[in-house]
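Next up, my_file.pdb (PDB, C-alpha atoms and all ligand atoms):
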ATOM      1  CA  MET A   1     -23.075  41.549  21.551
ATOM      2  CA  LYS A   2     -25.724  39.846  19.415
ATOM      3  CA  ILE A   3     -27.241  36.394  19.062
ATOM      4  CA  GLY A   4     -27.516  34.709  15.676
ATOM      5  CA  ILE A   5     -29.815  31.768  15.055
ATOM      6  CA  ASP A   6     -29.515  29.467  12.081
ATOM      7  CA  LEU A   7     -32.744  27.573  11.625
ATOM      8  CA  GLY A   8     -32.075  24.689   9.255
ATOM      9  CA  GLY A   9     -34.070  21.791   7.864
ATOM     10  CA  SER A  10     -32.477  19.378  10.329
ATOM     11  CA  HIS A  11     -31.122  21.502  13.191
ATOM     12  CA  ILE A  12     -30.982  24.825  15.038
ATOM     13  CA  GLY A  13     -27.619  26.497  15.629
ATOM     14  CA  ILE A  14     -27.399  29.445  18.018
ATOM     15  CA  GLY A  15     -24.319  31.582  18.470
ATOM     16  CA  LEU A  16     -23.194  34.497  20.577
ATOM     17  CA  VAL A  17     -21.853  36.878  17.950
ATOM     18  CA  ASP A  18     -19.490  39.827  18.148
ATOM     19  CA  LYS A  19     -19.270  41.351  14.638
ATOM     20  CA  ASP A  20     -17.982  38.416  12.552
ATOM     21  CA  LYS A  21     -16.795  36.293  15.476
ATOM     22  CA  ILE A  22     -18.842  33.507  17.031
ATOM     23  CA  ILE A  23     -17.897  33.541  20.703
ATOM     24  CA  ALA A  24     -19.943  30.512  21.767
ATOM     25  CA  ILE A  25     -22.300  28.192  19.982
ATOM     26  CA  LYS A  26     -25.102  25.712  20.770
ATOM     27  CA  ASP A  27     -26.709  23.196  18.506
ATOM     28  CA  LYS A  28     -29.859  21.094  18.501
ATOM     29  CA  ILE A  29     -30.614  18.383  15.959
ATOM     30  CA  PHE A  30     -34.295  17.617  15.357
ATOM     31  CA  ASN A  31     -35.434  14.076  16.048
ATOM     32  CA  ARG A  32     -38.596  12.362  14.913
ATOM     33  CA  GLU A  33     -40.445  13.334  18.100
ATOM     34  CA  ASP A  34     -39.508  17.027  17.634
ATOM     35  CA  ARG A  35     -40.978  17.032  14.142
ATOM     36  CA  LYS A  36     -44.439  16.103  15.416
ATOM     37  CA  ASN A  37     -44.808  19.632  16.732
ATOM     38  CA  ILE A  38     -41.943  21.433  15.104
ATOM     39  CA  GLU A  39     -43.146  24.976  15.886
ATOM     40  CA  ASN A  40     -43.241  24.252  19.617
ATOM     41  CA  CYS A  41     -39.902  22.502  19.495
ATOM     42  CA  ILE A  42     -38.304  25.500  17.737
ATOM     43  CA  LEU A  43     -39.730  27.998  20.231
ATOM     44  CA  ASN A  44     -38.731  25.951  23.273
ATOM     45  CA  GLU A  45     -35.249  25.099  22.035
ATOM     46  CA  ILE A  46     -34.467  28.688  21.029
ATOM     47  CA  GLU A  47     -35.547  29.930  24.439
ATOM     48  CA  ARG A  48     -33.591  27.217  26.261
ATOM     49  CA  MET A  49     -30.395  27.708  24.262
ATOM     50  CA  ILE A  50     -30.473  31.510  24.508
ATOM     51  CA  ILE A  51     -30.790  31.307  28.294
ATOM     52  CA  GLU A  52     -27.985  28.730  28.480
ATOM     53  CA  LEU A  53     -25.713  30.846  26.290
ATOM     54  CA  LEU A  54     -26.298  33.907  28.478
ATOM     55  CA  VAL A  55     -25.782  32.045  31.767
ATOM     56  CA  GLU A  56     -22.692  30.144  30.635
ATOM     57  CA  ASN A  57     -21.041  33.283  29.294
ATOM     58  CA  TYR A  58     -22.006  35.589  32.187
ATOM     59  CA  ILE A  59     -23.967  37.907  29.907
ATOM     60  CA  LYS A  60     -27.112  39.766  30.918
ATOM     61  CA  LYS A  61     -30.109  39.746  28.604
ATOM     62  CA  GLU A  62     -29.927  43.562  28.438
ATOM     63  CA  GLU A  63     -26.434  43.348  26.928
ATOM     64  CA  ILE A  64     -27.801  41.615  23.807
ATOM     65  CA  GLU A  65     -28.528  44.283  21.191
ATOM     66  CA  LEU A  66     -30.287  41.977  18.774
ATOM     67  CA  VAL A  67     -31.370  38.403  18.174
ATOM     68  CA  GLY A  68     -31.375  37.581  14.452
ATOM     69  CA  ILE A  69     -32.894  34.481  12.898
ATOM     70  CA  ALA A  70     -31.817  33.027   9.555
ATOM     71  CA  SER A  71     -34.680  30.877   8.315
ATOM     72  CA  PRO A  72     -35.285  28.798   5.214
ATOM     73  CA  GLY A  73     -38.246  29.556   3.017
ATOM     74  CA  THR A  74     -40.394  32.607   2.425
ATOM     75  CA  ILE A  75     -40.222  35.230   5.153
ATOM     76  CA  SER A  76     -42.437  38.295   5.382
ATOM     77  CA  ASN A  77     -42.900  40.811   8.224
ATOM     78  CA  GLY A  78     -41.356  38.662  10.947
ATOM     79  CA  LYS A  79     -43.339  35.627   9.864
ATOM     80  CA  ILE A  80     -42.261  32.358   8.232
ATOM     81  CA  VAL A  81     -44.872  32.290   5.480
ATOM     82  CA  ARG A  82     -43.733  28.952   4.130
ATOM     83  CA  ALA A  83     -40.757  26.704   4.848
ATOM     84  CA  SER A  84     -41.558  23.455   3.103
ATOM     85  CA  ASN A  85     -38.522  21.490   4.358
ATOM     86  CA  LEU A  86     -39.675  22.145   7.946
ATOM     87  CA  ASN A  87     -43.330  21.765   7.055
ATOM     88  CA  ILE A  88     -44.064  25.186   8.552
ATOM     89  CA  TYR A  89     -46.684  27.613   7.287
ATOM     90  CA  ASP A  90     -47.701  31.055   8.607
ATOM     91  CA  PHE A  91     -45.601  30.843  11.761
ATOM     92  CA  GLU A  92     -45.423  34.130  13.720
ATOM     93  CA  ILE A  93     -42.062  33.209  15.194
ATOM     94  CA  VAL A  94     -40.729  36.725  15.879
ATOM     95  CA  LYS A  95     -43.920  37.942  17.560
ATOM     96  CA  ILE A  96     -44.094  34.915  19.856
ATOM     97  CA  LEU A  97     -40.399  34.930  20.800
ATOM     98  CA  LYS A  98     -40.392  38.695  21.383
ATOM     99  CA  ASN A  99     -43.260  38.230  23.849
ATOM    100  CA  LYS A 100     -41.548  35.315  25.570
ATOM    101  CA  LEU A 101     -38.047  36.755  25.795
ATOM    102  CA  GLY A 102     -38.525  40.507  25.610
ATOM    103  CA  MET A 103     -35.577  40.875  23.262
ATOM    104  CA  ASN A 104     -35.104  42.856  20.046
ATOM    105  CA  MET A 105     -35.548  40.364  17.230
ATOM    106  CA  ILE A 106     -35.452  40.087  13.426
ATOM    107  CA  ILE A 107     -35.806  37.273  10.899
ATOM    108  CA  ARG A 108     -34.596  36.987   7.323
ATOM    109  CA  ASN A 109     -34.168  34.296   4.676
ATOM    110  CA  ASP A 110     -31.081  32.165   5.437
ATOM    111  CA  ALA A 111     -29.380  32.549   2.060
ATOM    112  CA  LYS A 112     -29.708  36.331   2.325
ATOM    113  CA  CYS A 113     -28.217  36.221   5.843
ATOM    114  CA  ALA A 114     -25.267  34.171   4.604
ATOM    115  CA  GLY A 115     -24.847  36.549   1.663
ATOM    116  CA  LEU A 116     -24.855  39.545   4.004
ATOM    117  CA  ALA A 117     -22.124  37.965   6.158
ATOM    118  CA  GLU A 118     -19.951  37.438   3.084
ATOM    119  CA  LYS A 119     -20.729  40.942   1.814
ATOM    120  CA  LYS A 120     -19.975  42.708   5.087
ATOM    121  CA  TYR A 121     -16.976  40.714   6.283
ATOM    122  CA  GLY A 122     -16.146  37.902   3.881
ATOM    123  CA  ALA A 123     -15.371  36.838   0.334
ATOM    124  CA  ILE A 124     -17.368  39.533  -1.524
ATOM    125  CA  LYS A 125     -16.735  42.505   0.747
ATOM    126  CA  ASP A 126     -14.575  44.316  -1.813
ATOM    127  CA  TYR A 127     -17.016  43.952  -4.722
ATOM    128  CA  GLU A 128     -19.748  46.517  -5.366
ATOM    129  CA  ASP A 129     -21.800  44.111  -7.468
ATOM    130  CA  SER A 130     -21.984  40.440  -6.610
ATOM    131  CA  VAL A 131     -24.193  37.375  -6.564
ATOM    132  CA  PHE A 132     -24.037  35.046  -3.562
ATOM    133  CA  LEU A 133     -25.211  31.489  -4.084
ATOM    134  CA  SER A 134     -26.020  29.185  -1.214
ATOM    135  CA  ILE A 135     -25.840  25.683  -2.642
ATOM    136  CA  GLY A 136     -26.833  22.932  -0.227
ATOM    137  CA  THR A 137     -30.130  21.159   0.378
ATOM    138  CA  GLY A 138     -31.615  23.717  -1.991
ATOM    139  CA  ILE A 139     -30.246  26.740  -3.817
ATOM    140  CA  GLY A 140     -30.815  30.207  -2.457
ATOM    141  CA  GLY A 141     -29.076  33.458  -2.996
ATOM    142  CA  ALA A 142     -28.579  37.132  -2.526
ATOM    143  CA  VAL A 143     -27.841  39.834  -5.069
ATOM    144  CA  PHE A 144     -25.843  42.960  -4.253
ATOM    145  CA  LEU A 145     -25.771  45.900  -6.661
ATOM    146  CA  ASN A 146     -23.947  49.114  -5.747
ATOM    147  CA  ASN A 147     -23.156  47.505  -2.363
ATOM    148  CA  LYS A 148     -26.869  47.112  -1.597
ATOM    149  CA  LEU A 149     -28.814  43.902  -1.010
ATOM    150  CA  LEU A 150     -31.711  43.816  -3.434
ATOM    151  CA  GLU A 151     -34.919  43.104  -1.532
ATOM    152  CA  PRO A 152     -38.414  42.985  -2.964
ATOM    153  CA  LYS A 153     -41.194  44.370  -0.765
ATOM    154  CA  ARG A 154     -43.742  41.588  -0.415
ATOM    155  CA  TYR A 155     -42.056  38.180  -0.287
ATOM    156  CA  SER A 156     -38.465  37.020  -0.147
ATOM    157  CA  GLY A 157     -37.862  37.296  -3.876
ATOM    158  CA  PHE A 158     -34.689  36.197  -5.612
ATOM    159  CA  GLU A 159     -35.734  32.563  -5.627
ATOM    160  CA  ILE A 160     -32.635  31.777  -7.610
ATOM    161  CA  GLY A 161     -33.045  28.034  -7.002
ATOM    162  CA  HIS A 162     -36.419  28.083  -8.686
ATOM    163  CA  MET A 163     -35.553  29.559 -12.033
ATOM    164  CA  VAL A 164     -36.320  26.896 -14.584
ATOM    165  CA  VAL A 165     -33.253  25.560 -16.327
ATOM    166  CA  ASN A 166     -35.006  22.643 -18.010
ATOM    167  CA  ARG A 167     -38.590  23.057 -19.169
ATOM    168  CA  GLY A 168     -40.772  20.119 -18.078
ATOM    169  CA  GLY A 169     -37.795  18.600 -16.229
ATOM    170  CA  ARG A 170     -37.398  17.103 -12.751
ATOM    171  CA  ALA A 171     -40.177  17.851 -10.251
ATOM    172  CA  CYS A 172     -39.200  20.408  -7.615
ATOM    173  CA  SER A 173     -40.456  20.746  -4.027
ATOM    174  CA  CYS A 174     -41.949  24.133  -4.972
ATOM    175  CA  GLY A 175     -44.430  22.544  -7.352
ATOM    176  CA  LYS A 176     -42.706  23.594 -10.584
ATOM    177  CA  LYS A 177     -40.673  21.395 -12.880
ATOM    178  CA  GLY A 178     -37.072  21.727 -14.017
ATOM    179  CA  CYS A 179     -35.925  24.178 -11.322
ATOM    180  CA  PHE A 180     -32.222  25.022 -10.899
ATOM    181  CA  GLU A 181     -32.112  23.375  -7.448
ATOM    182  CA  ALA A 182     -33.706  20.169  -8.731
ATOM    183  CA  TYR A 183     -30.486  19.664 -10.704
ATOM    184  CA  SER A 184     -27.686  21.578  -9.044
ATOM    185  CA  SER A 185     -28.298  21.460  -5.304
ATOM    186  CA  ILE A 186     -26.058  19.164  -3.266
ATOM    187  CA  LYS A 187     -29.210  17.254  -2.331
ATOM    188  CA  ALA A 188     -29.961  16.589  -6.009
ATOM    189  CA  LEU A 189     -26.372  15.477  -6.625
ATOM    190  CA  LYS A 190     -26.444  13.212  -3.563
ATOM    191  CA  MET A 191     -29.707  11.627  -4.672
ATOM    192  CA  LYS A 192     -28.337  10.834  -8.113
ATOM    193  CA  VAL A 193     -24.940   9.559  -6.935
ATOM    194  CA  THR A 194     -26.358   7.306  -4.206
ATOM    195  CA  GLU A 195     -28.847   5.940  -6.727
ATOM    196  CA  THR A 196     -26.050   5.225  -9.198
ATOM    197  CA  LEU A 197     -23.841   3.575  -6.544
ATOM    198  CA  ASP A 198     -26.870   1.800  -5.068
ATOM    199  CA  VAL A 199     -26.078   2.920  -1.525
ATOM    200  CA  ASP A 200     -28.223   4.431   1.214
ATOM    201  CA  ASN A 201     -29.207   8.076   0.627
ATOM    202  CA  ASP A 202     -28.374   8.956   4.210
ATOM    203  CA  ILE A 203     -24.664   9.722   3.693
ATOM    204  CA  SER A 204     -22.662  12.656   5.018
ATOM    205  CA  GLY A 205     -21.522  15.537   2.849
ATOM    206  CA  GLN A 206     -17.932  14.480   3.343
ATOM    207  CA  TYR A 207     -18.628  10.906   2.254
ATOM    208  CA  LEU A 208     -20.356  12.250  -0.839
ATOM    209  CA  ARG A 209     -17.345  14.426  -1.700
ATOM    210  CA  GLU A 210     -15.060  11.412  -1.342
ATOM    211  CA  GLN A 211     -17.307   9.321  -3.576
ATOM    212  CA  LEU A 212     -17.098  11.981  -6.253
ATOM    213  CA  LEU A 213     -13.350  11.478  -6.369
ATOM    214  CA  ILE A 214     -13.835   7.930  -7.639
ATOM    215  CA  LYS A 215     -13.085   9.057 -11.152
ATOM    216  CA  ASP A 216     -13.556   5.847 -13.051
ATOM    217  CA  HIS A 217     -17.180   5.168 -12.271
ATOM    218  CA  PRO A 218     -18.955   6.077 -15.510
ATOM    219  CA  GLY A 219     -22.343   6.544 -13.817
ATOM    220  CA  VAL A 220     -20.977   8.919 -11.198
ATOM    221  CA  LYS A 221     -19.075  10.832 -13.885
ATOM    222  CA  GLU A 222     -22.339  11.281 -15.768
ATOM    223  CA  ASP A 223     -24.138  12.430 -12.571
ATOM    224  CA  ILE A 224     -21.445  15.027 -11.909
ATOM    225  CA  ASP A 225     -21.622  16.181 -15.501
ATOM    226  CA  VAL A 226     -25.401  16.736 -15.395
ATOM    227  CA  PHE A 227     -25.084  18.550 -12.027
ATOM    228  CA  LEU A 228     -22.405  20.856 -13.466
ATOM    229  CA  GLU A 229     -24.037  21.453 -16.849
ATOM    230  CA  TYR A 230     -27.164  22.821 -15.156
ATOM    231  CA  MET A 231     -25.044  24.699 -12.650
ATOM    232  CA  LYS A 232     -23.394  26.429 -15.582
ATOM    233  CA  VAL A 233     -26.759  27.289 -17.166
ATOM    234  CA  GLY A 234     -28.010  28.808 -13.899
ATOM    235  CA  ILE A 235     -24.864  30.761 -13.132
ATOM    236  CA  CYS A 236     -24.517  32.136 -16.664
ATOM    237  CA  ASN A 237     -28.154  33.294 -16.584
ATOM    238  CA  LEU A 238     -27.395  35.191 -13.369
ATOM    239  CA  ILE A 239     -24.226  36.673 -14.831
ATOM    240  CA  ASP A 240     -26.113  37.931 -17.883
ATOM    241  CA  ILE A 241     -28.911  39.447 -15.805
ATOM    242  CA  PHE A 242     -26.979  41.081 -12.972
ATOM    243  CA  GLU A 243     -23.470  41.605 -14.414
ATOM    244  CA  PRO A 244     -21.783  40.876 -11.080
ATOM    245  CA  GLN A 245     -18.082  41.442 -10.550
ATOM    246  CA  ALA A 246     -18.040  38.274  -8.473
ATOM    247  CA  VAL A 247     -20.075  35.138  -7.912
ATOM    248  CA  CYS A 248     -19.616  33.621  -4.463
ATOM    249  CA  PHE A 249     -20.230  29.940  -3.706
ATOM    250  CA  GLY A 250     -21.644  29.320  -0.237
ATOM    251  CA  GLY A 251     -23.626  26.602   1.557
ATOM    252  CA  SER A 252     -22.221  23.095   1.658
ATOM    253  CA  PHE A 253     -20.815  23.589  -1.852
ATOM    254  CA  SER A 254     -18.220  25.878  -0.266
ATOM    255  CA  TYR A 255     -16.605  22.716   1.144
ATOM    256  CA  TYR A 256     -15.778  21.641  -2.431
ATOM    257  CA  GLU A 257     -12.723  23.889  -2.450
ATOM    258  CA  GLY A 258      -9.893  21.657  -3.694
ATOM    259  CA  ASN A 259     -12.315  19.012  -5.020
ATOM    260  CA  PRO A 260     -11.932  18.352  -8.782
ATOM    261  CA  VAL A 261     -15.702  18.883  -9.158
ATOM    262  CA  LEU A 262     -15.189  22.598  -8.588
ATOM    263  CA  ASP A 263     -12.304  22.748 -11.096
ATOM    264  CA  LYS A 264     -14.558  21.056 -13.608
ATOM    265  CA  LEU A 265     -17.212  23.728 -13.020
ATOM    266  CA  TYR A 266     -14.693  26.516 -13.623
ATOM    267  CA  GLU A 267     -13.635  24.751 -16.818
ATOM    268  CA  LYS A 268     -17.241  24.592 -18.019
ATOM    269  CA  LEU A 269     -17.927  28.212 -17.144
ATOM    270  CA  HIS A 270     -14.926  29.256 -19.200
ATOM    271  CA  GLU A 271     -16.080  27.402 -22.305
ATOM    272  CA  GLU A 272     -16.805  29.574 -25.326
ATOM    273  CA  ASN A 273     -20.192  31.272 -25.723
ATOM    274  CA  SER A 274     -21.189  30.873 -22.057
ATOM    275  CA  THR A 275     -22.297  34.477 -21.695
ATOM    276  CA  PHE A 276     -24.125  37.112 -23.746
ATOM    277  CA  ASN A 277     -21.918  38.419 -26.554
ATOM    278  CA  GLY A 278     -18.961  36.658 -24.968
ATOM    279  CA  LYS A 279     -18.964  39.071 -22.046
ATOM    280  CA  PRO A 280     -15.978  38.471 -19.718
ATOM    281  CA  LEU A 281     -16.705  36.304 -16.680
ATOM    282  CA  PRO A 282     -16.724  37.669 -13.136
ATOM    283  CA  ASP A 283     -14.432  36.405 -10.366
ATOM    284  CA  PHE A 284     -15.543  33.165  -8.743
ATOM    285  CA  VAL A 285     -14.919  33.064  -5.002
ATOM    286  CA  ILE A 286     -15.621  30.656  -2.143
ATOM    287  CA  ALA A 287     -17.578  31.771   0.933
ATOM    288  CA  LYS A 288     -15.321  32.572   3.892
ATOM    289  CA  TYR A 289     -17.705  31.615   6.698
ATOM    290  CA  LYS A 290     -19.000  28.371   5.188
ATOM    291  CA  ASN A 291     -21.788  26.975   7.388
ATOM    292  CA  ASN A 292     -21.343  29.716  10.022
ATOM    293  CA  ALA A 293     -22.427  32.421   7.577
ATOM    294  CA  GLY A 294     -26.101  32.086   8.582
ATOM    295  CA  ILE A 295     -25.477  32.728  12.280
ATOM    296  CA  ILE A 296     -23.180  35.693  11.588
ATOM    297  CA  GLY A 297     -25.387  37.143   8.829
ATOM    298  CA  ALA A 298     -28.566  36.832  10.905
ATOM    299  CA  THR A 299     -27.187  39.554  13.193
ATOM    300  CA  ILE A 300     -26.545  42.076  10.408
ATOM    301  CA  GLU A 301     -29.280  44.708  10.245
TER     302      GLU A 301
HETATM  303 ZN    ZN A 401     -38.644  24.929  -7.594
END
As C-alpha cells, the full file:
Amino acid sequence: MKIGIDLGGSHIGIGLVDKDKIIAIKDKIFNREDRKNIENCILNEIERMIIELLVENYIKKEEIELVGIASPGTISNGKIVRASNLNIYDFEIVKILKNKLGMNMIIRNDAKCAGLAEKKYGAIKDYEDSVFLSIGTGIGGAVFLNNKLLEPKRYSGFEIGHMVVNRGGRACSCGKKGCFEAYSSIKALKMKVTETLDVDNDISGQYLREQLLIKDHPGVKEDIDVFLEYMKVGICNLIDIFEPQAVCFGGSFSYYEGNPVLDKLYEKLHEENSTFNGKPLPDFVIAKYKNNAGIIGATIE
C-alpha cells in the first residue's frame, strides 16, 4: 500500500493507493488564512491527513511502502525549488516530512506524475513513444520514448507550457512572453471567455464548458478559436520534435471529452500542412484517470 499526495495551487488531495486504485481519499482546500504561511499549512495538513487515513483504514504506518508527492513547479532533489502558483521557493518538503513522519518519501513534478499514471496503467500504456499533456491552470507534460520517461538531471525540464508560440505575445507567469500556456491553458481560456461575457472570473470548470457550448456568441467563438489555434501550434511542434505514436490529453482538459471544442481541435490538427513534410499524425487519446492521475502517479517509482 502507498500514499499519493496531489499538491495543487488551491488544494491538497491525499489518497491511499493500491497500484492504480485509490482506496480512500482526503482533501483540503486552502483558504486565505492558510496562504499566509503556506509551507506550514502544507506540512501540518499532510501530516494530519496521513494519520487520519491510516487510523480510519486500520493501516499501520509500517505497511505504507512509499509516500509520493506530486507538486507543481520546479522540483529538484526532494525540494520544491519554485512553485509560483503557491508562492513557494526553496522548500525542503521531503526532508522535513521524512523527519516528522519517518516514512519513505519522494516528490516529482505533478504533470510527470500524471503522465506516469497514464503510461503505467492508463491511456498511453500500449504506446512505446508518447507525449502526455496536462492542460489545466497551466500546461505541463511528460515525454516517453522507448517506454522511458525522459528526465533531465538538474531541473524538471520539459517545460512544455513555456515554449513560445507567439513571439512578444501575452505575458506569462514565468516571466517570458507568448508562452504556450498563456494561450492554451484552461486558465487562459477561462480568462478570455469571462472577459468576453463580462462575468466573474471565479467560475467552475463545468460552468466554463457549458458556456463554450453557446455557439452563437461571436466573441466566445473567437476566444475558442485563438485557444485552439495556439494549441495546434504547440502540439504540432511536439509531434515534429518527438514523433510520438500518441498524444494524451490530461488535466482539466480531459473533461472536454464529448465537448465540441475537442472535436474542433481534432479538425484543426488534421488540416493540411500541420506537420513536417506532411508526416502522419499520432493517435490522440484522453487521460483515463483525469484529476486522480496525480495521486496515482505520485506513487510510481
Ligand atoms: Zn511561461
(message) Counting only C-alpha atoms and all ligand atoms, what are the residues, protein, DNA or RNA alike, that approach ligand ZN 401 (chain A) to within 10 Å? I want them as an NGL selection string.
(response) :A and (138-139 or 159-164 or 170-182)
(message) List the spatial neighbours of Gln211 (chain A) as JSON, numbers by chain - criterion: any atom at most 12 Å away, only C-alpha atoms, same-chain residues fewer than 2 positions off excluded.
(response) {"A": [189, 190, 193, 194, 196, 197, 199, 203, 204, 205, 206, 207, 208, 209, 213, 214, 215, 216, 217, 219, 220, 221, 223, 224, 259, 260, 261]}
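For the file at hand, the PyMOL selection byres (((chain A and resi 225-233) around 9) and not hetatm) resolves to Val165, Asn166, Phe180, Glu181, Tyr183, Ser184, Ser185, Ile186, Ala188, Leu189, Val220, Lys221, Glu222, Asp223, Ile224, Gly234, Ile235, Cys236, Asn237, Leu238, Val261, Leu262, Lys264, Leu265, Tyr266, Lys268, Leu269 and Ser274 of chain A.
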Writer output for current selection, C-alpha atoms, as a short mmCIF file (atom, residue, chain, number, x, y, z; two decimals), in the coordinates of the input:
data_model
loop_
_atom_site.label_atom_id
_atom_site.label_comp_id
_atom_site.auth_asym_id
_atom_site.auth_seq_id
_atom_site.Cartn_x
_atom_site.Cartn_y
_atom_site.Cartn_z
CA VAL A 165 -33.25 25.56 -16.33
CA ASN A 166 -35.01 22.64 -18.01
CA PHE A 180 -32.22 25.02 -10.90
CA GLU A 181 -32.11 23.38 -7.45
CA TYR A 183 -30.49 19.66 -10.70
CA SER A 184 -27.69 21.58 -9.04
CA SER A 185 -28.30 21.46 -5.30
CA ILE A 186 -26.06 19.16 -3.27
CA ALA A 188 -29.96 16.59 -6.01
CA LEU A 189 -26.37 15.48 -6.62
CA VAL A 220 -20.98 8.92 -11.20
CA LYS A 221 -19.08 10.83 -13.88
CA GLU A 222 -22.34 11.28 -15.77
CA ASP A 223 -24.14 12.43 -12.57
CA ILE A 224 -21.44 15.03 -11.91
CA GLY A 234 -28.01 28.81 -13.90
CA ILE A 235 -24.86 30.76 -13.13
CA CYS A 236 -24.52 32.14 -16.66
CA ASN A 237 -28.15 33.29 -16.58
CA LEU A 238 -27.40 35.19 -13.37
CA VAL A 261 -15.70 18.88 -9.16
CA LEU A 262 -15.19 22.60 -8.59
CA LYS A 264 -14.56 21.06 -13.61
CA LEU A 265 -17.21 23.73 -13.02
CA TYR A 266 -14.69 26.52 -13.62
CA LYS A 268 -17.24 24.59 -18.02
CA LEU A 269 -17.93 28.21 -17.14
CA SER A 274 -21.19 30.87 -22.06
#
(message) Going by the chain IDs and residue numbers used in this file, which residues fall under the PyMOL selection byres (((chain A and resi 146) around 12) and not hetatm)? Write them as a list in words.
(response) Lys119, Lys125, Asp126, Tyr127, Glu128, Asp129, Ser130, Val131, Val143, Phe144, Leu145, Asn147, Lys148, Leu149, Leu150, Phe242, Glu243, Pro244 and Gln245 of chain A
Kindly extract all protein, DNA and RNA residues lying within 12 Å of the coordinates (-39.8, 28.3, 5.4) given in the file, considering all atoms listed in the file, and supply them as a PDB file with C-alpha atoms, in the coordinates of the input.
ATOM      1  CA  LEU A   7     -32.744  27.573  11.625  1.00  0.00           C
ATOM      2  CA  GLY A   8     -32.075  24.689   9.255  1.00  0.00           C
ATOM      3  CA  GLY A   9     -34.070  21.791   7.864  1.00  0.00           C
ATOM      4  CA  GLU A  39     -43.146  24.976  15.886  1.00  0.00           C
ATOM      5  CA  ILE A  69     -32.894  34.481  12.898  1.00  0.00           C
ATOM      6  CA  ALA A  70     -31.817  33.027   9.555  1.00  0.00           C
ATOM      7  CA  SER A  71     -34.680  30.877   8.315  1.00  0.00           C
ATOM      8  CA  PRO A  72     -35.285  28.798   5.214  1.00  0.00           C
ATOM      9  CA  GLY A  73     -38.246  29.556   3.017  1.00  0.00           C
ATOM     10  CA  THR A  74     -40.394  32.607   2.425  1.00  0.00           C
ATOM     11  CA  ILE A  75     -40.222  35.230   5.153  1.00  0.00           C
ATOM     12  CA  SER A  76     -42.437  38.295   5.382  1.00  0.00           C
ATOM     13  CA  GLY A  78     -41.356  38.662  10.947  1.00  0.00           C
ATOM     14  CA  LYS A  79     -43.339  35.627   9.864  1.00  0.00           C
ATOM     15  CA  ILE A  80     -42.261  32.358   8.232  1.00  0.00           C
ATOM     16  CA  VAL A  81     -44.872  32.290   5.480  1.00  0.00           C
ATOM     17  CA  ARG A  82     -43.733  28.952   4.130  1.00  0.00           C
ATOM     18  CA  ALA A  83     -40.757  26.704   4.848  1.00  0.00           C
ATOM     19  CA  SER A  84     -41.558  23.455   3.103  1.00  0.00           C
ATOM     20  CA  ASN A  85     -38.522  21.490   4.358  1.00  0.00           C
ATOM     21  CA  LEU A  86     -39.675  22.145   7.946  1.00  0.00           C
ATOM     22  CA  ASN A  87     -43.330  21.765   7.055  1.00  0.00           C
ATOM     23  CA  ILE A  88     -44.064  25.186   8.552  1.00  0.00           C
ATOM     24  CA  TYR A  89     -46.684  27.613   7.287  1.00  0.00           C
ATOM     25  CA  ASP A  90     -47.701  31.055   8.607  1.00  0.00           C
ATOM     26  CA  PHE A  91     -45.601  30.843  11.761  1.00  0.00           C
ATOM     27  CA  GLU A  92     -45.423  34.130  13.720  1.00  0.00           C
ATOM     28  CA  ILE A  93     -42.062  33.209  15.194  1.00  0.00           C
ATOM     29  CA  ILE A 107     -35.806  37.273  10.899  1.00  0.00           C
ATOM     30  CA  ARG A 108     -34.596  36.987   7.323  1.00  0.00           C
ATOM     31  CA  ASN A 109     -34.168  34.296   4.676  1.00  0.00           C
ATOM     32  CA  ASP A 110     -31.081  32.165   5.437  1.00  0.00           C
ATOM     33  CA  ALA A 111     -29.380  32.549   2.060  1.00  0.00           C
ATOM     34  CA  GLY A 138     -31.615  23.717  -1.991  1.00  0.00           C
ATOM     35  CA  TYR A 155     -42.056  38.180  -0.287  1.00  0.00           C
ATOM     36  CA  SER A 156     -38.465  37.020  -0.147  1.00  0.00           C
ATOM     37  CA  CYS A 174     -41.949  24.133  -4.972  1.00  0.00           C
TER      38      CYS A 174
END
(request) Work out how far apart CA of Phe158 (chain A) and CA of Lys112 (chain A) are and give it in Å to one decimal. (result)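 Computing the Euclidean distance for CA of Phe158 (chain A) and CA of Lys112 (chain A) yields 9.4 Å.
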(request) Please write as a PyMOL selection string the full residue list that the PyMOL selection byres (((chain A and resi 253) around 9) and not hetatm) yields on this file. (result) chain A and resi 134-136+185-186+249-252+254-257+262+286+290
(request) Name all residues at most 12 Å from His11 (chain A) (count all atoms listed in the file; drop same-chain ones fewer than 2 positions away) and give them as a list of chain:residue names. (result) A:Ile5, A:Asp6, A:Leu7, A:Gly8, A:Gly9, A:Gly13, A:Ile14, A:Lys26, A:Asp27, A:Lys28, A:Ile29, A:Phe30, A:Asn31, A:Arg32, A:Asp34, A:Arg35, A:Ile38, A:Cys41, A:Ile42, A:Glu45, A:Ile46, A:Ser71, A:Pro72, A:Asn85, A:Leu86
(message) When you look at Glu63 (chain A) with a cut-off of 12 Å (counting only C-alpha atoms), what residues show up, excluding the ones that are within fewer than 2 positions of it in the same chain? I need them as number ranges by chain.
(response) A: 1-3, 16-18, 54, 57-61, 65-67, 103-104
Keeping only C-alpha atoms, write the selected residues as an mmCIF file, in the coordinates of the input.
data_model
loop_
_atom_site.group_PDB
_atom_site.id
_atom_site.type_symbol
_atom_site.label_atom_id
_atom_site.label_comp_id
_atom_site.auth_asym_id
_atom_site.auth_seq_id
_atom_site.Cartn_x
_atom_site.Cartn_y
_atom_site.Cartn_z
ATOM 1 C CA MET A 1 -23.075 41.549 21.551
ATOM 2 C CA LYS A 2 -25.724 39.846 19.415
ATOM 3 C CA ILE A 3 -27.241 36.394 19.062
ATOM 4 C CA LEU A 16 -23.194 34.497 20.577
ATOM 5 C CA VAL A 17 -21.853 36.878 17.950
ATOM 6 C CA ASP A 18 -19.490 39.827 18.148
ATOM 7 C CA LEU A 54 -26.298 33.907 28.478
ATOM 8 C CA ASN A 57 -21.041 33.283 29.294
ATOM 9 C CA TYR A 58 -22.006 35.589 32.187
ATOM 10 C CA ILE A 59 -23.967 37.907 29.907
ATOM 11 C CA LYS A 60 -27.112 39.766 30.918
ATOM 12 C CA LYS A 61 -30.109 39.746 28.604
ATOM 13 C CA GLU A 65 -28.528 44.283 21.191
ATOM 14 C CA LEU A 66 -30.287 41.977 18.774
ATOM 15 C CA VAL A 67 -31.370 38.403 18.174
ATOM 16 C CA MET A 103 -35.577 40.875 23.262
ATOM 17 C CA ASN A 104 -35.104 42.856 20.046
#
